[in-house]
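Shown next: structure_17.cif, containing mmCIF, C-alpha atoms.
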```cif
data_entry
loop_
_atom_site.group_PDB
_atom_site.id
_atom_site.type_symbol
_atom_site.label_atom_id
_atom_site.label_comp_id
_atom_site.auth_asym_id
_atom_site.auth_seq_id
_atom_site.Cartn_x
_atom_site.Cartn_y
_atom_site.Cartn_z
ATOM 1 C CA MET K 1 0.000 0.000 0.000
ATOM 2 C CA ARG K 2 1.273 3.456 -0.821
ATOM 3 C CA LYS K 3 2.144 5.559 2.161
ATOM 4 C CA HIS K 4 0.609 8.997 2.251
ATOM 5 C CA THR K 5 2.575 10.762 4.936
ATOM 6 C CA PHE K 6 2.181 14.094 3.136
ATOM 7 C CA LEU K 7 -1.596 13.797 3.024
ATOM 8 C CA SER K 8 -2.329 14.674 6.644
ATOM 9 C CA ALA K 9 -1.668 18.391 6.342
ATOM 10 C CA THR K 10 -3.377 18.561 2.963
ATOM 11 C CA LEU K 11 -6.442 16.738 4.230
ATOM 12 C CA THR K 12 -6.613 18.939 7.308
ATOM 13 C CA SER K 13 -6.599 22.048 5.129
ATOM 14 C CA LEU K 14 -9.173 20.670 2.712
ATOM 15 C CA LEU K 15 -11.485 19.513 5.483
ATOM 16 C CA ALA K 16 -11.270 22.918 7.125
ATOM 17 C CA LEU K 17 -12.125 24.601 3.834
ATOM 18 C CA ALA K 18 -15.040 22.213 3.274
ATOM 19 C CA THR K 19 -16.382 23.012 6.728
ATOM 20 C CA LEU K 20 -16.166 26.756 6.117
ATOM 21 C CA THR K 21 -17.638 26.789 2.629
ATOM 22 C CA GLY K 22 -20.201 23.982 2.821
ATOM 23 C CA PRO K 23 -21.491 22.214 -0.289
ATOM 24 C CA ALA K 24 -20.860 23.906 -3.607
ATOM 25 C CA SER K 25 -23.836 25.682 -5.123
ATOM 26 C CA ALA K 26 -25.482 23.993 -8.114
ATOM 27 C CA GLU K 27 -27.872 24.973 -10.837
ATOM 28 C CA GLY K 28 -31.444 23.838 -10.713
ATOM 29 C CA ALA K 29 -33.066 21.776 -13.465
ATOM 30 C CA GLY K 30 -36.741 21.667 -12.668
ATOM 31 C CA SER K 31 -37.024 20.014 -9.278
ATOM 32 C CA ALA K 32 -33.583 18.420 -9.750
ATOM 33 C CA ARG K 33 -30.253 19.886 -8.667
ATOM 34 C CA LYS K 34 -27.329 19.899 -11.081
ATOM 35 C CA LEU K 35 -24.206 18.290 -9.623
ATOM 36 C CA LEU K 36 -21.816 18.189 -12.568
ATOM 37 C CA SER K 37 -21.409 19.166 -16.204
ATOM 38 C CA VAL K 38 -18.428 17.972 -18.249
ATOM 39 C CA ASP K 39 -17.331 17.997 -21.881
ATOM 40 C CA PHE K 40 -14.709 15.781 -23.489
ATOM 41 C CA GLU K 41 -13.474 14.755 -26.938
ATOM 42 C CA SER K 42 -16.220 13.060 -28.931
ATOM 43 C CA ARG K 43 -16.153 9.255 -28.805
ATOM 44 C CA GLN K 44 -18.209 6.397 -30.256
ATOM 45 C CA VAL K 45 -19.511 4.746 -27.100
ATOM 46 C CA VAL K 46 -20.567 1.098 -27.455
ATOM 47 C CA LYS K 47 -20.948 0.176 -23.791
ATOM 48 C CA VAL K 48 -21.005 1.664 -20.317
ATOM 49 C CA GLU K 49 -19.575 -0.444 -17.514
ATOM 50 C CA ALA K 50 -20.648 0.506 -13.991
ATOM 51 C CA GLY K 51 -19.839 -0.641 -10.489
ATOM 52 C CA ASN K 52 -19.916 0.219 -6.805
ATOM 53 C CA PHE K 53 -16.561 0.528 -5.056
ATOM 54 C CA TYR K 54 -16.455 -0.154 -1.315
ATOM 55 C CA PHE K 55 -13.351 1.333 0.307
ATOM 56 C CA LYS K 56 -12.397 0.498 3.862
ATOM 57 C CA ARG K 57 -11.395 3.317 6.190
ATOM 58 C CA GLY K 58 -8.078 4.795 5.061
ATOM 59 C CA GLN K 59 -7.929 2.640 1.920
ATOM 60 C CA LEU K 60 -5.817 4.055 -0.922
ATOM 61 C CA ALA K 61 -6.479 3.592 -4.619
ATOM 62 C CA PRO K 62 -3.501 2.557 -6.775
ATOM 63 C CA THR K 63 -2.249 5.145 -9.244
ATOM 64 C CA HIS K 64 -4.224 4.543 -12.431
ATOM 65 C CA SER K 65 -5.500 6.066 -15.649
ATOM 66 C CA HIS K 66 -8.599 5.836 -17.791
ATOM 67 C CA VAL K 67 -8.767 5.080 -21.500
ATOM 68 C CA ALA K 68 -12.498 5.792 -21.296
ATOM 69 C CA PRO K 69 -13.760 8.794 -19.311
ATOM 70 C CA ALA K 70 -15.489 7.930 -16.050
ATOM 71 C CA ILE K 71 -18.323 9.767 -14.314
ATOM 72 C CA GLY K 72 -19.639 8.880 -10.885
ATOM 73 C CA TYR K 73 -21.065 9.741 -7.507
ATOM 74 C CA ILE K 74 -19.933 9.545 -3.881
ATOM 75 C CA ALA K 75 -22.629 7.521 -2.125
ATOM 76 C CA LYS K 76 -20.960 7.456 1.297
ATOM 77 C CA GLY K 77 -17.954 9.010 3.003
ATOM 78 C CA THR K 78 -15.238 11.340 1.723
ATOM 79 C CA ILE K 79 -12.703 10.785 -1.066
ATOM 80 C CA PHE K 80 -9.330 12.522 -1.478
ATOM 81 C CA TYR K 81 -9.033 13.046 -5.249
ATOM 82 C CA GLN K 82 -6.187 14.303 -7.404
ATOM 83 C CA ALA K 83 -5.634 14.007 -11.142
ATOM 84 C CA GLU K 84 -2.110 14.689 -12.395
ATOM 85 C CA GLY K 85 -1.569 18.384 -13.054
ATOM 86 C CA GLU K 86 -4.564 19.433 -10.949
ATOM 87 C CA GLU K 87 -4.993 20.500 -7.344
ATOM 88 C CA ALA K 88 -6.107 17.898 -4.818
ATOM 89 C CA ARG K 89 -9.662 18.195 -3.567
ATOM 90 C CA LEU K 90 -12.183 16.470 -1.374
ATOM 91 C CA LEU K 91 -15.194 14.706 -2.809
ATOM 92 C CA ARG K 92 -17.887 14.399 -0.181
ATOM 93 C CA GLU K 93 -21.015 12.279 0.068
ATOM 94 C CA GLY K 94 -23.471 13.724 -2.429
ATOM 95 C CA ASP K 95 -20.836 14.948 -4.908
ATOM 96 C CA ALA K 96 -20.555 13.806 -8.518
ATOM 97 C CA PHE K 97 -17.124 13.442 -10.137
ATOM 98 C CA TYR K 98 -15.362 13.089 -13.479
ATOM 99 C CA GLU K 99 -12.132 11.197 -14.198
ATOM 100 C CA PRO K 100 -10.645 12.277 -17.548
ATOM 101 C CA THR K 101 -8.625 10.322 -20.074
ATOM 102 C CA GLY K 102 -4.953 11.105 -20.655
ATOM 103 C CA GLN K 103 -4.177 12.001 -17.031
ATOM 104 C CA ARG K 104 -2.849 9.806 -14.261
ATOM 105 C CA ILE K 105 -5.172 9.616 -11.273
ATOM 106 C CA LEU K 106 -2.713 10.040 -8.417
ATOM 107 C CA HIS K 107 -5.264 9.755 -5.619
ATOM 108 C CA PHE K 108 -8.773 8.445 -5.256
ATOM 109 C CA ASP K 109 -8.430 7.528 -1.598
ATOM 110 C CA ASN K 110 -10.759 7.151 1.348
ATOM 111 C CA ALA K 111 -9.979 10.357 3.254
ATOM 112 C CA SER K 112 -11.328 9.024 6.546
ATOM 113 C CA ALA K 113 -9.389 6.898 9.020
ATOM 114 C CA THR K 114 -12.621 5.929 10.794
ATOM 115 C CA GLU K 115 -15.384 5.609 8.173
ATOM 116 C CA ASP K 116 -15.859 3.458 5.075
ATOM 117 C CA ALA K 117 -16.570 5.028 1.683
ATOM 118 C CA ILE K 118 -18.740 3.937 -1.249
ATOM 119 C CA PHE K 119 -18.752 5.401 -4.743
ATOM 120 C CA VAL K 120 -20.171 4.390 -8.110
ATOM 121 C CA ASP K 121 -18.654 5.019 -11.523
ATOM 122 C CA PHE K 122 -19.851 4.729 -15.118
ATOM 123 C CA ASN K 123 -17.196 4.212 -17.815
ATOM 124 C CA LEU K 124 -18.008 5.418 -21.355
ATOM 125 C CA GLN K 125 -16.134 2.900 -23.481
ATOM 126 C CA GLN K 126 -15.448 2.614 -27.170
ATOM 127 C CA GLU K 127 -14.919 -0.751 -28.850
ATOM 128 C CA GLY K 128 -12.115 -2.731 -27.173
ATOM 129 C CA GLU K 129 -11.381 -0.233 -24.412
ATOM 130 C CA PRO K 130 -10.709 -1.347 -20.819
ATOM 131 C CA PHE K 131 -12.382 0.704 -18.114
ATOM 132 C CA ILE K 132 -9.220 1.235 -16.045
ATOM 133 C CA LEU K 133 -5.439 0.766 -16.264
ATOM 134 C CA PHE K 134 -3.256 0.261 -13.168
ATOM 135 C CA GLU K 135 0.419 1.195 -13.299
ATOM 136 C CA LYS K 136 1.175 -1.700 -10.955
ATOM 137 C CA PRO K 137 -0.987 -4.584 -9.797
ATOM 138 C CA PRO K 138 -2.969 -3.472 -6.743
ATOM 139 C CA SER K 139 -1.326 -4.532 -3.485
ATOM 140 C CA GLU K 140 -4.662 -4.445 -1.661
ATOM 141 C CA ALA K 141 -7.913 -6.098 -2.702
ATOM 142 C CA ILE K 142 -10.398 -3.699 -4.299
ATOM 143 C CA ASP K 143 -14.025 -4.431 -3.542
ATOM 144 C CA ARG K 144 -15.807 -3.538 -6.787
ATOM 145 C CA ARG K 145 -19.353 -4.831 -7.183
ATOM 146 C CA ALA K 146 -20.404 -4.751 -10.812
ATOM 147 C CA LEU K 147 -23.681 -3.209 -11.911
ATOM 148 C CA PRO K 148 -25.401 -4.098 -15.207
ATOM 149 C CA THR K 149 -23.462 -3.068 -18.324
ATOM 150 C CA ALA K 150 -25.430 -0.969 -20.808
ATOM 151 C CA THR K 151 -24.896 -1.535 -24.530
ATOM 152 C CA LEU K 152 -25.048 1.494 -26.811
ATOM 153 C CA ASP K 153 -25.029 1.597 -30.612
ATOM 154 C CA GLY K 154 -21.789 3.521 -31.044
ATOM 155 C CA ALA K 155 -23.483 6.826 -30.360
ATOM 156 C CA SER K 156 -21.247 9.892 -30.557
ATOM 157 C CA ILE K 157 -20.861 11.179 -26.988
ATOM 158 C CA ASP K 158 -18.940 14.302 -25.956
ATOM 159 C CA GLY K 159 -20.244 15.220 -22.513
ATOM 160 C CA ALA K 160 -22.431 14.468 -19.527
ATOM 161 C CA ASP K 161 -24.619 16.279 -17.012
ATOM 162 C CA SER K 162 -25.454 14.886 -13.585
ATOM 163 C CA TYR K 163 -28.504 15.732 -11.467
ATOM 164 C CA ALA K 164 -29.754 14.821 -7.991
ATOM 165 C CA HIS K 165 -33.496 14.121 -7.738
ATOM 166 C CA LYS K 166 -35.008 14.183 -4.250
ATOM 167 C CA LEU K 167 -38.387 12.432 -4.190
ATOM 168 C CA GLN K 168 -40.744 12.827 -1.262
ATOM 169 C CA PRO K 169 -42.764 9.774 -0.128
ATOM 170 C CA GLY K 170 -44.946 8.747 -3.053
ATOM 171 C CA GLY K 171 -43.400 11.471 -5.230
ATOM 172 C CA ARG K 172 -42.647 11.172 -8.919
ATOM 173 C CA GLU K 173 -40.551 12.986 -11.502
ATOM 174 C CA SER K 174 -40.385 12.848 -15.298
ATOM 175 C CA LEU K 175 -37.068 12.065 -16.996
ATOM 176 C CA ASP K 176 -35.757 13.845 -20.082
ATOM 177 C CA SER K 177 -35.994 11.424 -23.034
ATOM 178 C CA ARG K 178 -33.870 13.413 -25.498
ATOM 179 C CA GLU K 179 -30.560 11.783 -24.492
ATOM 180 C CA PRO K 180 -29.402 8.422 -23.074
ATOM 181 C CA LEU K 181 -29.634 8.462 -19.301
ATOM 182 C CA PHE K 182 -28.090 6.448 -16.490
ATOM 183 C CA GLY K 183 -29.581 6.443 -13.032
ATOM 184 C CA TYR K 184 -28.313 5.449 -9.604
ATOM 185 C CA VAL K 185 -30.493 5.140 -6.529
ATOM 186 C CA ALA K 186 -28.614 6.732 -3.640
ATOM 187 C CA GLU K 187 -31.417 6.418 -1.072
ATOM 188 C CA GLY K 188 -34.662 4.487 -0.837
ATOM 189 C CA GLU K 189 -36.367 2.513 -3.601
ATOM 190 C CA VAL K 190 -37.987 3.746 -6.793
ATOM 191 C CA GLU K 191 -39.914 2.383 -9.723
ATOM 192 C CA LEU K 192 -38.822 3.270 -13.246
ATOM 193 C CA ARG K 193 -41.872 3.525 -15.494
ATOM 194 C CA ILE K 194 -41.367 3.749 -19.246
ATOM 195 C CA GLU K 195 -44.472 3.904 -21.388
ATOM 196 C CA GLY K 196 -45.061 0.549 -23.095
ATOM 197 C CA LYS K 197 -42.727 -1.388 -20.790
ATOM 198 C CA ALA K 198 -43.144 -3.211 -17.499
ATOM 199 C CA PRO K 199 -42.234 -1.093 -14.441
ATOM 200 C CA LYS K 200 -38.822 -1.809 -12.921
ATOM 201 C CA ARG K 201 -38.004 -1.575 -9.205
ATOM 202 C CA VAL K 202 -34.579 -0.154 -8.373
ATOM 203 C CA LYS K 203 -33.208 -0.165 -4.830
ATOM 204 C CA ALA K 204 -30.460 1.820 -3.121
ATOM 205 C CA ARG K 205 -26.977 1.078 -4.579
ATOM 206 C CA GLU K 206 -28.537 -0.155 -7.844
ATOM 207 C CA SER K 207 -28.470 1.487 -11.287
ATOM 208 C CA PHE K 208 -30.653 1.683 -14.377
ATOM 209 C CA TYR K 209 -30.340 2.711 -18.018
ATOM 210 C CA ARG K 210 -32.930 4.581 -20.088
ATOM 211 C CA PRO K 211 -32.097 4.768 -23.843
ATOM 212 C CA LYS K 212 -32.436 7.893 -25.937
ATOM 213 C CA GLY K 213 -35.815 8.432 -27.523
ATOM 214 C CA SER K 214 -37.731 6.293 -25.049
ATOM 215 C CA SER K 215 -41.409 7.002 -24.574
ATOM 216 C CA GLU K 216 -42.453 9.062 -21.574
ATOM 217 C CA SER K 217 -40.580 7.844 -18.494
ATOM 218 C CA VAL K 218 -40.886 8.690 -14.819
ATOM 219 C CA ILE K 219 -39.300 7.645 -11.539
ATOM 220 C CA VAL K 220 -41.662 7.071 -8.627
ATOM 221 C CA ASN K 221 -40.780 6.768 -4.943
ATOM 222 C CA VAL K 222 -42.507 3.533 -3.909
ATOM 223 C CA SER K 223 -42.398 4.389 -0.192
ATOM 224 C CA SER K 224 -45.257 6.236 1.475
ATOM 225 C CA THR K 225 -43.118 7.187 4.478
ATOM 226 C CA ALA K 226 -39.476 7.707 3.434
ATOM 227 C CA PRO K 227 -37.875 9.985 0.827
ATOM 228 C CA ALA K 228 -35.776 8.642 -2.049
ATOM 229 C CA LYS K 229 -32.784 10.125 -3.848
ATOM 230 C CA VAL K 230 -31.860 9.322 -7.446
ATOM 231 C CA ILE K 231 -28.744 10.498 -9.294
ATOM 232 C CA THR K 232 -29.017 10.743 -13.073
ATOM 233 C CA PHE K 233 -26.266 11.084 -15.690
ATOM 234 C CA ASN K 234 -27.503 12.440 -19.021
ATOM 235 C CA ILE K 235 -24.894 11.753 -21.696
ATOM 236 C CA HIS K 236 -24.882 13.743 -24.948
#
```

Let me see whether you can do it: turn the structure in this file into structure tokens.
Amino acid sequence: MRKHTFLSATLTSLLALATLTGPASAEGAGSARKLLSVDFESRQVVKVEAGNFYFKRGQLAPTHSHVAPAIGYIAKGTIFYQAEGEEARLLREGDAFYEPTGQRILHFDNASATEDAIFVDFNLQQEGEPFILFEKPPSEAIDRRALPTATLDGASIDGADSYAHKLQPGGRESLDSREPLFGYVAEGEVELRIEGKAPKRVKARESFYRPKGSSESVIVNVSSTAPAKVITFNIH
């Protein structure tokens, strides 16, 4: 495991800044809150691999890089993130993130010595591309729990927008059908309803895919007592 003796001071400073500033402001999109908007070089995406990563307290990610860009969400805990050539920053529970191609990811580490962390990522892959490349074989087991892979038709993709949807008990929200959309249930349980198809239940820590041009689609909180939270990634 890599030692990170220099991280303590950096983490202390970043945590202090996070405490002072609070969560970053985000644009609204209807009743949803925008978390992230990224653009990248256009690519012919044929599949999107997804998975939940479970990091133990203090666990460090090996230095790695991405051939395919990755977008994701911090479902639990705090991650210390640094891409080569960029400043280090903290990703907190509720934040979306982007890992670019062509840069080494120096850190994607659990920033807490006392709490576990969970994050999900979606990798936008062209034909024959791996979703991640390690510089050295990992010295510590990585608990990655695969989610269903979505197959695309080689659509030209050059960006993504991420939104957080907070659904009150029994609440519902329509989904934009103009672009392919990936969803991740961060809290609760919802039902994905696409006109002409059987409803699909999706629980916390599970994902779903809604193709471009689908008929009217909505997400519905199936609980009458507890709220639900869904994170969507619209790719374009």

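The point (-4.1, 20.5, -9.6) has these residues within 12 Å of it, counting all atoms listed in the file: Tyr81, Gln82, Ala83, Glu84, Gly85, Glu86, Glu87, Ala88, Arg89, Gln103, Arg104, Ile105, Leu106 and His107 of chain K.
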
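Taken over the shown file, the PyMOL selection byres ((chain K and resi 140) around 9) identifies Met1, Gln59, Leu60, Ala61, Pro62, Pro137, Pro138, Ser139, Ala141 and Ile142 of chain K.
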
When you look at Leu35 in chain K with a cut-off of 7 Å (counting all atoms listed in the file), what residues show up, excluding the ones that are within fewer than 3 positions of it in the same chain? I need them as an mmCIF file with C-alpha atoms, in the frame of the given file.
```
data_model
loop_
_atom_site.group_PDB
_atom_site.id
_atom_site.type_symbol
_atom_site.label_atom_id
_atom_site.label_comp_id
_atom_site.auth_asym_id
_atom_site.auth_seq_id
_atom_site.Cartn_x
_atom_site.Cartn_y
_atom_site.Cartn_z
ATOM 1 C CA ALA K 26 -25.482 23.993 -8.114
ATOM 2 C CA ASP K 95 -20.836 14.948 -4.908
ATOM 3 C CA ALA K 96 -20.555 13.806 -8.518
ATOM 4 C CA SER K 162 -25.454 14.886 -13.585
ATOM 5 C CA TYR K 163 -28.504 15.732 -11.467
ATOM 6 C CA ALA K 164 -29.754 14.821 -7.991
#
```

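Surrounding residues of (-29.9, 6.5, -22.1) at most 6 Å away are K:Glu179, K:Pro180, K:Leu181, K:Phe182, K:Tyr209, K:Arg210, K:Pro211, K:Lys212 (based on all atoms listed in the file).
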
For Val220 in chain K, the nearest of the candidates K:Leu167, K:Ile194, K:Ile235, K:Ile118, counting all atoms listed in the file: K:Leu167

With 5 Å on each side, where is the centre of the axis-aligned box around all listed atoms of range 210-219 of chain K, and how long are its edges in Å to one decimal, as AutoDock Vina command-line options?
```
--center_x -37.3 --center_y 6.8 --center_z -19.5 --size_x 20.4 --size_y 14.5 --size_z 26.0
```

When the PyMOL selection byres ((chain K and resi 207) around 10) is applied to the file above, which residues end up in the set, as a ChimeraX atom specification? /K:50-52,120,122,147-149,182-186,202-206,208-209,230-232

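Distance annotation: of K:His165, K:Arg145, K:Arg57, K:His66, the residue with the minimal separation from Asn123 in chain K is K:His66; atom set is all atoms listed in the file.
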
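Nearest residue to Ala150 in chain K among K:Ala117, K:Ile71, K:Leu124, K:Leu36 is K:Leu124, counting only C-alpha atoms.
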
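Closest approach to His236 in chain K among K:Asp143, K:Glu191, K:Glu93, K:Glu41: K:Glu41, based on only C-alpha atoms.
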
At a cut-off of 7 Å, using all atoms listed in the file, what residues contact Ser224 in chain K? Leave out same-chain residues fewer than 2 positions from it and give the result as a PyMOL selection string. chain K and resi 169-170+222+226

Quick check, in Å to one decimal: how far apart do CA of Val67 in chain K and CA of Ala111 in chain K lie? 25.3 Å

Repaired coordinates for range 67-101 of chain K (N, CA and C atoms) as a PDB file, in the frame of the given file:
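Once written, selection.pdb looks like this:
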```
ATOM      1  N   VAL K  67      -8.692   4.970 -20.050  1.00  0.00           N
ATOM      2  CA  VAL K  67      -8.767   5.080 -21.500  1.00  0.00           C
ATOM      3  C   VAL K  67     -10.132   5.648 -21.879  1.00  0.00           C
ATOM      4  N   ALA K  68     -11.146   5.259 -21.125  1.00  0.00           N
ATOM      5  CA  ALA K  68     -12.498   5.792 -21.296  1.00  0.00           C
ATOM      6  C   ALA K  68     -12.797   6.738 -20.149  1.00  0.00           C
ATOM      7  N   PRO K  69     -13.422   7.879 -20.407  1.00  0.00           N
ATOM      8  CA  PRO K  69     -13.760   8.794 -19.311  1.00  0.00           C
ATOM      9  C   PRO K  69     -14.748   8.151 -18.351  1.00  0.00           C
ATOM     10  N   ALA K  70     -14.620   8.493 -17.084  1.00  0.00           N
ATOM     11  CA  ALA K  70     -15.489   7.930 -16.050  1.00  0.00           C
ATOM     12  C   ALA K  70     -16.237   9.060 -15.348  1.00  0.00           C
ATOM     13  N   ILE K  71     -17.512   8.837 -15.094  1.00  0.00           N
ATOM     14  CA  ILE K  71     -18.323   9.767 -14.314  1.00  0.00           C
ATOM     15  C   ILE K  71     -18.924   8.983 -13.160  1.00  0.00           C
ATOM     16  N   GLY K  72     -19.136   9.638 -12.022  1.00  0.00           N
ATOM     17  CA  GLY K  72     -19.639   8.880 -10.885  1.00  0.00           C
ATOM     18  C   GLY K  72     -20.164   9.753  -9.765  1.00  0.00           C
ATOM     19  N   TYR K  73     -20.388   9.095  -8.631  1.00  0.00           N
ATOM     20  CA  TYR K  73     -21.065   9.741  -7.507  1.00  0.00           C
ATOM     21  C   TYR K  73     -20.562   9.144  -6.201  1.00  0.00           C
ATOM     22  N   ILE K  74     -20.351  10.005  -5.204  1.00  0.00           N
ATOM     23  CA  ILE K  74     -19.933   9.545  -3.881  1.00  0.00           C
ATOM     24  C   ILE K  74     -21.183   9.237  -3.064  1.00  0.00           C
ATOM     25  N   ALA K  75     -21.421   7.947  -2.833  1.00  0.00           N
ATOM     26  CA  ALA K  75     -22.629   7.521  -2.125  1.00  0.00           C
ATOM     27  C   ALA K  75     -22.459   7.561  -0.612  1.00  0.00           C
ATOM     28  N   LYS K  76     -21.215   7.447  -0.144  1.00  0.00           N
ATOM     29  CA  LYS K  76     -20.960   7.456   1.297  1.00  0.00           C
ATOM     30  C   LYS K  76     -19.526   7.875   1.548  1.00  0.00           C
ATOM     31  N   GLY K  77     -19.308   8.684   2.575  1.00  0.00           N
ATOM     32  CA  GLY K  77     -17.954   9.010   3.003  1.00  0.00           C
ATOM     33  C   GLY K  77     -17.333  10.179   2.255  1.00  0.00           C
ATOM     34  N   THR K  78     -16.007  10.248   2.305  1.00  0.00           N
ATOM     35  CA  THR K  78     -15.238  11.340   1.723  1.00  0.00           C
ATOM     36  C   THR K  78     -14.032  10.772   0.988  1.00  0.00           C
ATOM     37  N   ILE K  79     -13.803  11.256  -0.223  1.00  0.00           N
ATOM     38  CA  ILE K  79     -12.703  10.785  -1.066  1.00  0.00           C
ATOM     39  C   ILE K  79     -11.706  11.916  -1.306  1.00  0.00           C
ATOM     40  N   PHE K  80     -10.419  11.599  -1.157  1.00  0.00           N
ATOM     41  CA  PHE K  80      -9.330  12.522  -1.478  1.00  0.00           C
ATOM     42  C   PHE K  80      -8.944  12.254  -2.932  1.00  0.00           C
ATOM     43  N   TYR K  81      -9.187  13.247  -3.808  1.00  0.00           N
ATOM     44  CA  TYR K  81      -9.033  13.046  -5.249  1.00  0.00           C
ATOM     45  C   TYR K  81      -7.998  14.000  -5.832  1.00  0.00           C
ATOM     46  N   GLN K  82      -7.129  13.452  -6.684  1.00  0.00           N
ATOM     47  CA  GLN K  82      -6.187  14.303  -7.404  1.00  0.00           C
ATOM     48  C   GLN K  82      -5.821  13.662  -8.735  1.00  0.00           C
ATOM     49  N   ALA K  83      -6.096  14.395  -9.813  1.00  0.00           N
ATOM     50  CA  ALA K  83      -5.634  14.007 -11.142  1.00  0.00           C
ATOM     51  C   ALA K  83      -4.314  14.730 -11.403  1.00  0.00           C
ATOM     52  N   GLU K  84      -3.417  14.105 -12.128  1.00  0.00           N
ATOM     53  CA  GLU K  84      -2.110  14.689 -12.395  1.00  0.00           C
ATOM     54  C   GLU K  84      -2.255  16.062 -13.050  1.00  0.00           C
ATOM     55  N   GLY K  85      -1.525  17.035 -12.517  1.00  0.00           N
ATOM     56  CA  GLY K  85      -1.569  18.384 -13.054  1.00  0.00           C
ATOM     57  C   GLY K  85      -2.671  19.239 -12.474  1.00  0.00           C
ATOM     58  N   GLU K  86      -3.476  18.687 -11.557  1.00  0.00           N
ATOM     59  CA  GLU K  86      -4.564  19.433 -10.949  1.00  0.00           C
ATOM     60  C   GLU K  86      -4.393  19.454  -9.433  1.00  0.00           C
ATOM     61  N   GLU K  87      -5.049  20.427  -8.799  1.00  0.00           N
ATOM     62  CA  GLU K  87      -4.993  20.500  -7.344  1.00  0.00           C
ATOM     63  C   GLU K  87      -5.803  19.372  -6.723  1.00  0.00           C
ATOM     64  N   ALA K  88      -5.351  18.904  -5.559  1.00  0.00           N
ATOM     65  CA  ALA K  88      -6.107  17.898  -4.818  1.00  0.00           C
ATOM     66  C   ALA K  88      -7.374  18.514  -4.272  1.00  0.00           C
ATOM     67  N   ARG K  89      -8.412  17.708  -4.144  1.00  0.00           N
ATOM     68  CA  ARG K  89      -9.662  18.195  -3.567  1.00  0.00           C
ATOM     69  C   ARG K  89     -10.406  17.062  -2.889  1.00  0.00           C
ATOM     70  N   LEU K  90     -11.351  17.438  -2.064  1.00  0.00           N
ATOM     71  CA  LEU K  90     -12.183  16.470  -1.374  1.00  0.00           C
ATOM     72  C   LEU K  90     -13.509  16.297  -2.104  1.00  0.00           C
ATOM     73  N   LEU K  91     -13.871  15.044  -2.307  1.00  0.00           N
ATOM     74  CA  LEU K  91     -15.194  14.706  -2.809  1.00  0.00           C
ATOM     75  C   LEU K  91     -15.981  14.153  -1.638  1.00  0.00           C
ATOM     76  N   ARG K  92     -17.101  14.801  -1.336  1.00  0.00           N
ATOM     77  CA  ARG K  92     -17.887  14.399  -0.181  1.00  0.00           C
ATOM     78  C   ARG K  92     -19.152  13.666  -0.598  1.00  0.00           C
ATOM     79  N   GLU K  93     -19.753  12.959   0.329  1.00  0.00           N
ATOM     80  CA  GLU K  93     -21.015  12.279   0.068  1.00  0.00           C
ATOM     81  C   GLU K  93     -21.999  13.259  -0.573  1.00  0.00           C
ATOM     82  N   GLY K  94     -22.565  12.845  -1.709  1.00  0.00           N
ATOM     83  CA  GLY K  94     -23.471  13.724  -2.429  1.00  0.00           C
ATOM     84  C   GLY K  94     -22.843  14.434  -3.607  1.00  0.00           C
ATOM     85  N   ASP K  95     -21.521  14.316  -3.780  1.00  0.00           N
ATOM     86  CA  ASP K  95     -20.836  14.948  -4.908  1.00  0.00           C
ATOM     87  C   ASP K  95     -20.766  13.993  -6.099  1.00  0.00           C
ATOM     88  N   ALA K  96     -20.844  14.554  -7.298  1.00  0.00           N
ATOM     89  CA  ALA K  96     -20.555  13.806  -8.518  1.00  0.00           C
ATOM     90  C   ALA K  96     -19.112  14.112  -8.919  1.00  0.00           C
ATOM     91  N   PHE K  97     -18.511  13.234  -9.735  1.00  0.00           N
ATOM     92  CA  PHE K  97     -17.124  13.442 -10.137  1.00  0.00           C
ATOM     93  C   PHE K  97     -16.904  12.988 -11.575  1.00  0.00           C
ATOM     94  N   TYR K  98     -15.772  13.424 -12.113  1.00  0.00           N
ATOM     95  CA  TYR K  98     -15.362  13.089 -13.479  1.00  0.00           C
ATOM     96  C   TYR K  98     -13.881  12.734 -13.460  1.00  0.00           C
ATOM     97  N   GLU K  99     -13.532  11.595 -14.044  1.00  0.00           N
ATOM     98  CA  GLU K  99     -12.132  11.197 -14.198  1.00  0.00           C
ATOM     99  C   GLU K  99     -11.807  11.206 -15.691  1.00  0.00           C
ATOM    100  N   PRO K 100     -10.918  12.105 -16.121  1.00  0.00           N
ATOM    101  CA  PRO K 100     -10.645  12.277 -17.548  1.00  0.00           C
ATOM    102  C   PRO K 100      -9.710  11.214 -18.101  1.00  0.00           C
ATOM    103  N   THR K 101      -9.628  11.147 -19.417  1.00  0.00           N
ATOM    104  CA  THR K 101      -8.625  10.322 -20.074  1.00  0.00           C
ATOM    105  C   THR K 101      -7.339  11.134 -20.199  1.00  0.00           C
TER     106      THR K 101
END
```
